[in-house]
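Below is the file upload.cif, which contains mmCIF, C-alpha atoms and all ligand atoms.
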data_protein
loop_
_atom_site.label_atom_id
_atom_site.label_comp_id
_atom_site.auth_asym_id
_atom_site.auth_seq_id
_atom_site.Cartn_x
_atom_site.Cartn_y
_atom_site.Cartn_z
CA MET V 8 69.54 64.49 106.08
CA SER V 9 71.59 61.92 107.99
CA ALA V 10 71.33 61.39 111.73
CA SER V 11 74.77 62.91 112.27
CA GLN V 12 73.80 66.00 110.29
CA THR V 13 70.61 66.30 112.34
CA SER V 14 72.40 66.11 115.68
CA ALA V 15 75.11 68.52 114.47
CA ALA V 16 72.40 71.06 113.78
CA LEU V 17 71.03 70.92 117.32
CA PRO V 18 71.94 74.00 119.35
CA GLU V 19 74.02 73.83 122.49
CA LYS V 20 72.27 74.35 125.76
CA VAL V 21 73.49 77.27 127.79
CA SER V 22 74.16 77.17 131.51
CA VAL V 23 72.46 79.91 133.51
CA ALA V 24 72.39 80.80 137.18
CA ILE V 25 69.49 82.95 138.29
CA THR V 26 68.37 83.82 141.79
CA VAL V 27 64.64 83.15 141.95
CA ASN V 28 62.74 84.20 145.06
CA GLY V 29 66.02 84.34 146.96
CA GLU V 30 67.24 80.91 145.90
CA ARG V 31 70.05 80.42 143.40
CA ARG V 32 68.85 78.18 140.58
CA GLN V 33 71.18 76.70 138.00
CA ALA V 34 70.02 75.08 134.78
CA ASP V 35 70.95 74.30 131.21
CA VAL V 36 68.50 75.89 128.80
CA LEU V 37 68.09 76.14 125.08
CA PRO V 38 69.06 79.59 123.81
CA TRP V 39 65.49 80.50 122.90
CA THR V 40 63.93 79.50 126.22
CA VAL V 41 62.06 82.53 127.49
CA LEU V 42 62.06 83.39 131.16
CA LEU V 43 58.35 82.57 131.47
CA ASP V 44 58.89 78.99 130.30
CA PHE V 45 62.00 78.68 132.46
CA LEU V 46 60.01 79.65 135.55
CA ARG V 47 56.98 77.52 134.76
CA ASP V 48 58.47 74.48 133.05
CA HIS V 49 61.98 74.21 134.50
CA LEU V 50 61.30 75.43 138.03
CA GLY V 51 57.63 74.50 138.39
CA LEU V 52 56.67 78.03 139.44
CA THR V 53 53.32 78.08 137.71
CA GLY V 54 51.94 81.11 139.53
CA THR V 55 53.23 83.26 136.69
CA LYS V 56 50.70 82.95 133.90
CA LYS V 57 51.03 82.70 130.13
CA GLY V 58 48.39 84.81 128.43
CA CYS V 59 49.16 86.24 125.01
CA ASP V 60 52.81 85.06 124.89
CA HIS V 61 53.48 88.20 122.82
CA GLY V 62 54.19 90.95 125.35
CA GLN V 63 50.71 92.41 125.20
CA CYS V 64 48.75 91.31 128.27
CA GLY V 65 51.06 91.44 131.29
CA ALA V 66 49.90 88.09 132.70
CA CYS V 67 53.53 86.95 132.78
CA THR V 68 54.88 89.97 134.69
CA VAL V 69 57.69 89.24 137.15
CA ILE V 70 60.18 91.50 138.88
CA VAL V 71 63.77 91.27 137.65
CA ASP V 72 66.42 93.25 139.51
CA GLY V 73 63.67 95.50 140.85
CA LYS V 74 62.00 96.15 137.50
CA ARG V 75 58.76 94.61 136.22
CA ILE V 76 59.08 92.87 132.90
CA ASN V 77 57.04 90.63 130.64
CA SER V 78 58.79 87.32 131.15
CA CYS V 79 57.41 85.97 127.85
CA MET V 80 59.52 88.53 126.00
CA SER V 81 62.81 87.92 127.75
CA PHE V 82 65.30 85.18 126.94
CA THR V 83 66.48 83.33 130.02
CA VAL V 84 70.12 83.50 128.93
CA MET V 85 69.87 87.30 129.01
CA LYS V 86 68.96 87.13 132.69
CA ASP V 87 71.94 85.05 133.73
CA GLY V 88 73.05 86.38 137.13
CA ALA V 89 69.82 88.31 137.68
CA SER V 90 67.51 88.26 140.67
CA VAL V 91 63.90 87.37 139.88
CA THR V 92 60.84 87.67 142.11
CA THR V 93 57.67 85.86 141.13
CA ILE V 94 54.26 85.81 142.79
CA GLU V 95 55.47 82.82 144.84
CA GLY V 96 58.23 84.95 146.36
CA LEU V 97 56.22 87.92 147.61
CA ALA V 98 54.91 86.52 150.87
CA SER V 99 57.43 86.12 153.63
CA GLY V 100 57.45 84.56 157.07
CA GLY V 101 53.91 83.29 156.59
CA MET V 102 52.68 86.84 155.90
CA LEU V 103 51.23 87.93 152.60
CA HIS V 104 52.80 90.92 150.89
CA PRO V 105 50.71 94.02 151.72
CA LEU V 106 49.52 94.20 148.12
CA GLN V 107 48.42 90.56 148.18
CA GLN V 108 46.44 91.36 151.31
CA ALA V 109 45.01 94.49 149.68
CA PHE V 110 43.83 92.42 146.70
CA ILE V 111 41.89 90.24 149.15
CA ASP V 112 40.59 93.26 151.09
CA HIS V 113 39.24 94.84 147.91
CA ASP V 114 37.87 91.63 146.42
CA VAL V 115 39.97 92.07 143.29
CA PHE V 116 39.66 88.52 142.01
CA GLN V 117 37.22 87.31 139.44
CA CYS V 118 38.78 84.50 137.42
CA GLY V 119 42.17 85.43 138.91
CA TYR V 120 44.17 84.65 135.80
CA CYS V 121 45.67 88.11 135.49
CA THR V 122 46.19 88.46 139.23
CA PRO V 123 49.82 87.28 139.66
CA GLY V 124 50.97 89.66 136.93
CA GLN V 125 48.85 92.49 138.30
CA ILE V 126 50.31 92.02 141.78
CA CYS V 127 53.93 91.81 140.59
CA SER V 128 53.37 94.89 138.46
CA GLY V 129 51.75 96.73 141.36
CA VAL V 130 54.55 95.82 143.78
CA ALA V 131 57.19 97.18 141.38
CA LEU V 132 55.08 100.26 140.66
CA ILE V 133 54.89 101.03 144.38
CA GLN V 134 58.66 100.57 144.66
CA GLU V 135 59.18 102.90 141.70
CA GLY V 136 57.40 105.65 143.67
CA ARG V 137 56.11 107.35 140.52
CA ALA V 138 52.35 106.95 140.97
CA THR V 139 50.75 109.66 143.07
CA SER V 140 47.13 109.49 141.95
CA ARG V 141 44.52 107.01 140.74
CA ASP V 142 45.01 108.20 137.18
CA GLU V 143 48.75 107.57 137.43
CA ILE V 144 48.15 104.13 138.91
CA ARG V 145 45.86 103.37 135.97
CA GLU V 146 48.39 104.69 133.47
CA LEU V 147 51.35 102.85 135.00
CA MET V 148 49.37 99.60 135.25
CA SER V 149 48.02 99.88 131.72
CA GLY V 150 50.29 97.13 130.44
CA ASN V 151 48.37 94.63 132.56
CA LEU V 152 45.09 93.57 131.01
CA CYS V 153 42.23 92.03 132.96
CA ARG V 154 39.59 90.26 130.93
CA CYS V 155 37.21 90.27 133.89
CA GLY V 156 37.40 94.05 134.14
CA ALA V 157 38.47 94.21 137.77
CA TYR V 158 40.35 97.44 137.17
CA THR V 159 38.58 99.63 139.72
CA ASN V 160 39.25 97.17 142.53
CA ILE V 161 42.84 96.72 141.38
CA VAL V 162 43.40 100.48 141.56
CA ASP V 163 41.75 100.51 145.01
CA ALA V 164 44.19 97.86 146.22
CA VAL V 165 47.29 99.55 144.82
CA GLU V 166 46.14 102.89 146.18
CA GLN V 167 45.67 101.40 149.64
CA VAL V 168 49.27 100.19 149.79
CA LEU V 169 50.60 103.41 148.26
CA GLY V 170 48.62 105.36 150.84
CA SER V 171 50.05 103.31 153.68
CA LYS V 172 53.48 104.34 152.41
CA GLY V 173 52.48 108.00 152.39
CA GLU V 174 52.64 108.40 148.63
CA ALA V 175 48.97 108.53 147.62
CA GLY V 176 46.58 111.44 147.52
CA ARG V 177 49.10 114.05 146.50
S1 LIG S 201 51.96 86.40 128.30
FE1 LIG S 201 53.54 87.84 128.40
S2 LIG S 201 52.61 89.75 128.00
FE2 LIG S 201 51.02 88.28 127.66
S1 LIG S 202 40.43 88.62 137.19
FE1 LIG S 202 40.01 87.52 135.35
S2 LIG S 202 41.46 88.29 133.92
FE2 LIG S 202 41.64 89.58 135.62
#

Any chance you could put this one into structure tokens?
Amino acid sequence: MSASQTSAALPEKVSVAITVNGERRQADVLPWTVLLDFLRDHLGLTGTKKGCDHGQCGACTVIVDGKRINSCMSFTVMKDGASVTTIEGLASGGMLHPLQQAFIDHDVFQCGYCTPGQICSGVALIQEGRATSRDEIRELMSGNLCRCGAYTNIVDAVEQVLGSKGEAGR
């Protein structure tokens, strides 16, 4: 194959504009760049973790337009114009998000690798307002795997924040 044939076969980059943690970010990305790699490699937001890279562990969970998604399974070009919140965007004004604080209060961390995804998932779950019991918290967080087995403490933390919003214990 000649050099000109090779370069002709290269795909065009696509321009995207995505609001990440309240800041509009513009970039040219290859069509197959997934949101996880865009956040980590293009924007340097490495708080979001890559675990399985196949939509099975939840380590890469971020909040897009209010919904939690596995960022490893989402093409960046499909999120053009969207608003994304990562673990780096949850604290504000020098204050941790209540769920971040609850994770500390309940000593949720072991290795901590799953933690950013767990927290983003928990924040969106609380916003969804669907969980009203520990069993429902477990069920609705079941897409987030923790190899260290910190599940009980994770549920404690989510329940604490739900309770402070008057939605737990029903
Ligand atoms: S890295 Fe995305 S679900 Fe595991
Ligand atoms: S704290 Fe280690 S994977 Fe969850």

Write as a PDB file with C-alpha atoms, keeping the file's coordinate frame the residues around ligand LIG 201 (chain S), taking 9 Å as the cut-off and counting all atoms listed in the file.
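result20.pdb was written with the following content:
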ATOM      1  CA  LEU V  43      58.350  82.570 131.470  1.00  0.00           C
ATOM      2  CA  LYS V  56      50.700  82.950 133.900  1.00  0.00           C
ATOM      3  CA  LYS V  57      51.030  82.700 130.130  1.00  0.00           C
ATOM      4  CA  GLY V  58      48.390  84.810 128.430  1.00  0.00           C
ATOM      5  CA  CYS V  59      49.160  86.240 125.010  1.00  0.00           C
ATOM      6  CA  ASP V  60      52.810  85.060 124.890  1.00  0.00           C
ATOM      7  CA  HIS V  61      53.480  88.200 122.820  1.00  0.00           C
ATOM      8  CA  GLY V  62      54.190  90.950 125.350  1.00  0.00           C
ATOM      9  CA  GLN V  63      50.710  92.410 125.200  1.00  0.00           C
ATOM     10  CA  CYS V  64      48.750  91.310 128.270  1.00  0.00           C
ATOM     11  CA  GLY V  65      51.060  91.440 131.290  1.00  0.00           C
ATOM     12  CA  ALA V  66      49.900  88.090 132.700  1.00  0.00           C
ATOM     13  CA  CYS V  67      53.530  86.950 132.780  1.00  0.00           C
ATOM     14  CA  THR V  68      54.880  89.970 134.690  1.00  0.00           C
ATOM     15  CA  ILE V  76      59.080  92.870 132.900  1.00  0.00           C
ATOM     16  CA  ASN V  77      57.040  90.630 130.640  1.00  0.00           C
ATOM     17  CA  SER V  78      58.790  87.320 131.150  1.00  0.00           C
ATOM     18  CA  CYS V  79      57.410  85.970 127.850  1.00  0.00           C
ATOM     19  CA  MET V  80      59.520  88.530 126.000  1.00  0.00           C
ATOM     20  CA  GLY V 150      50.290  97.130 130.440  1.00  0.00           C
ATOM     21  CA  ASN V 151      48.370  94.630 132.560  1.00  0.00           C
ATOM     22  CA  LEU V 152      45.090  93.570 131.010  1.00  0.00           C
TER      23      LEU V 152
END

Best match for closeness to Gly124 (chain V) among V:Gly54, V:Gly136, V:Gly156, V:Gly96, counting all atoms listed in the file: V:Gly54

If we count all atoms listed in the file and set the cut-off at 6 Å, which residues sit around region 157-167 of chain V, ignoring sequence neighbours fewer than 4 positions away in its own chain? Please answer as a tab-separated table (two decimals) with C-alpha atoms, keeping the file's coordinate frame.
chain	number	residue	atom	x	y	z
V	109	ALA	CA	45.01	94.49	149.68
V	110	PHE	CA	43.83	92.42	146.70
V	113	HIS	CA	39.24	94.84	147.91
V	115	VAL	CA	39.97	92.07	143.29

Nearby polymer residues, ligand LIG 202 (chain S), at most 6 Å, all atoms listed in the file, as a VMD selection string: chain V and resid 116 to 122 153 to 155 157

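Atom pair CA of Val36 (chain V) / CA of Phe82 (chain V) has a distance of 10.0 Å (rounded to one decimal).
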
Find the residue from V:Gly101, V:Ser90, V:Arg32, V:Ala24 that sits nearest to Lys74 (chain V); use all atoms listed in the file when measuring. V:Ser90

Expressed in Å to a single decimal, how great is the separation between CA of Met85 (chain V) and CA of Val69 (chain V)?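 Going from CA of Met85 (chain V) over to CA of Val69 (chain V), I get 14.8 Å.
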
Around region 139-152 of chain V, fit a box with edges along x, y and z, padding it by 8 Å on each side, then list its centre and edge lengths in Å to one decimal as AutoDock Vina command-line options.
--center_x 47.9 --center_y 101.6 --center_z 136.8 --size_x 22.8 --size_y 32.1 --size_z 28.6

Here's a test: counting all atoms listed in the file, identify every protein, DNA and RNA residue with an atom at most 12 Å from (60.2, 79.9, 137.3) in the file's coordinate frame, and state them as an MDAnalysis selection string. chainID V and resid 25:28 30:34 40:57 67:71 78:79 83 90:96

Nearest to Ala89 (chain V) by atom-to-atom distance, counting all atoms listed in the file, from V:Gly29, V:Val130, V:Ser140, V:Met148: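 For Ala89 (chain V), the nearest of the candidates is V:Gly29.
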
So what do you get for CA of Asp112 (chain V) versus CA of Gly170 (chain V), distance-wise?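 Atom-to-atom, CA of Asp112 (chain V) to CA of Gly170 (chain V), that is 14.5 Å.
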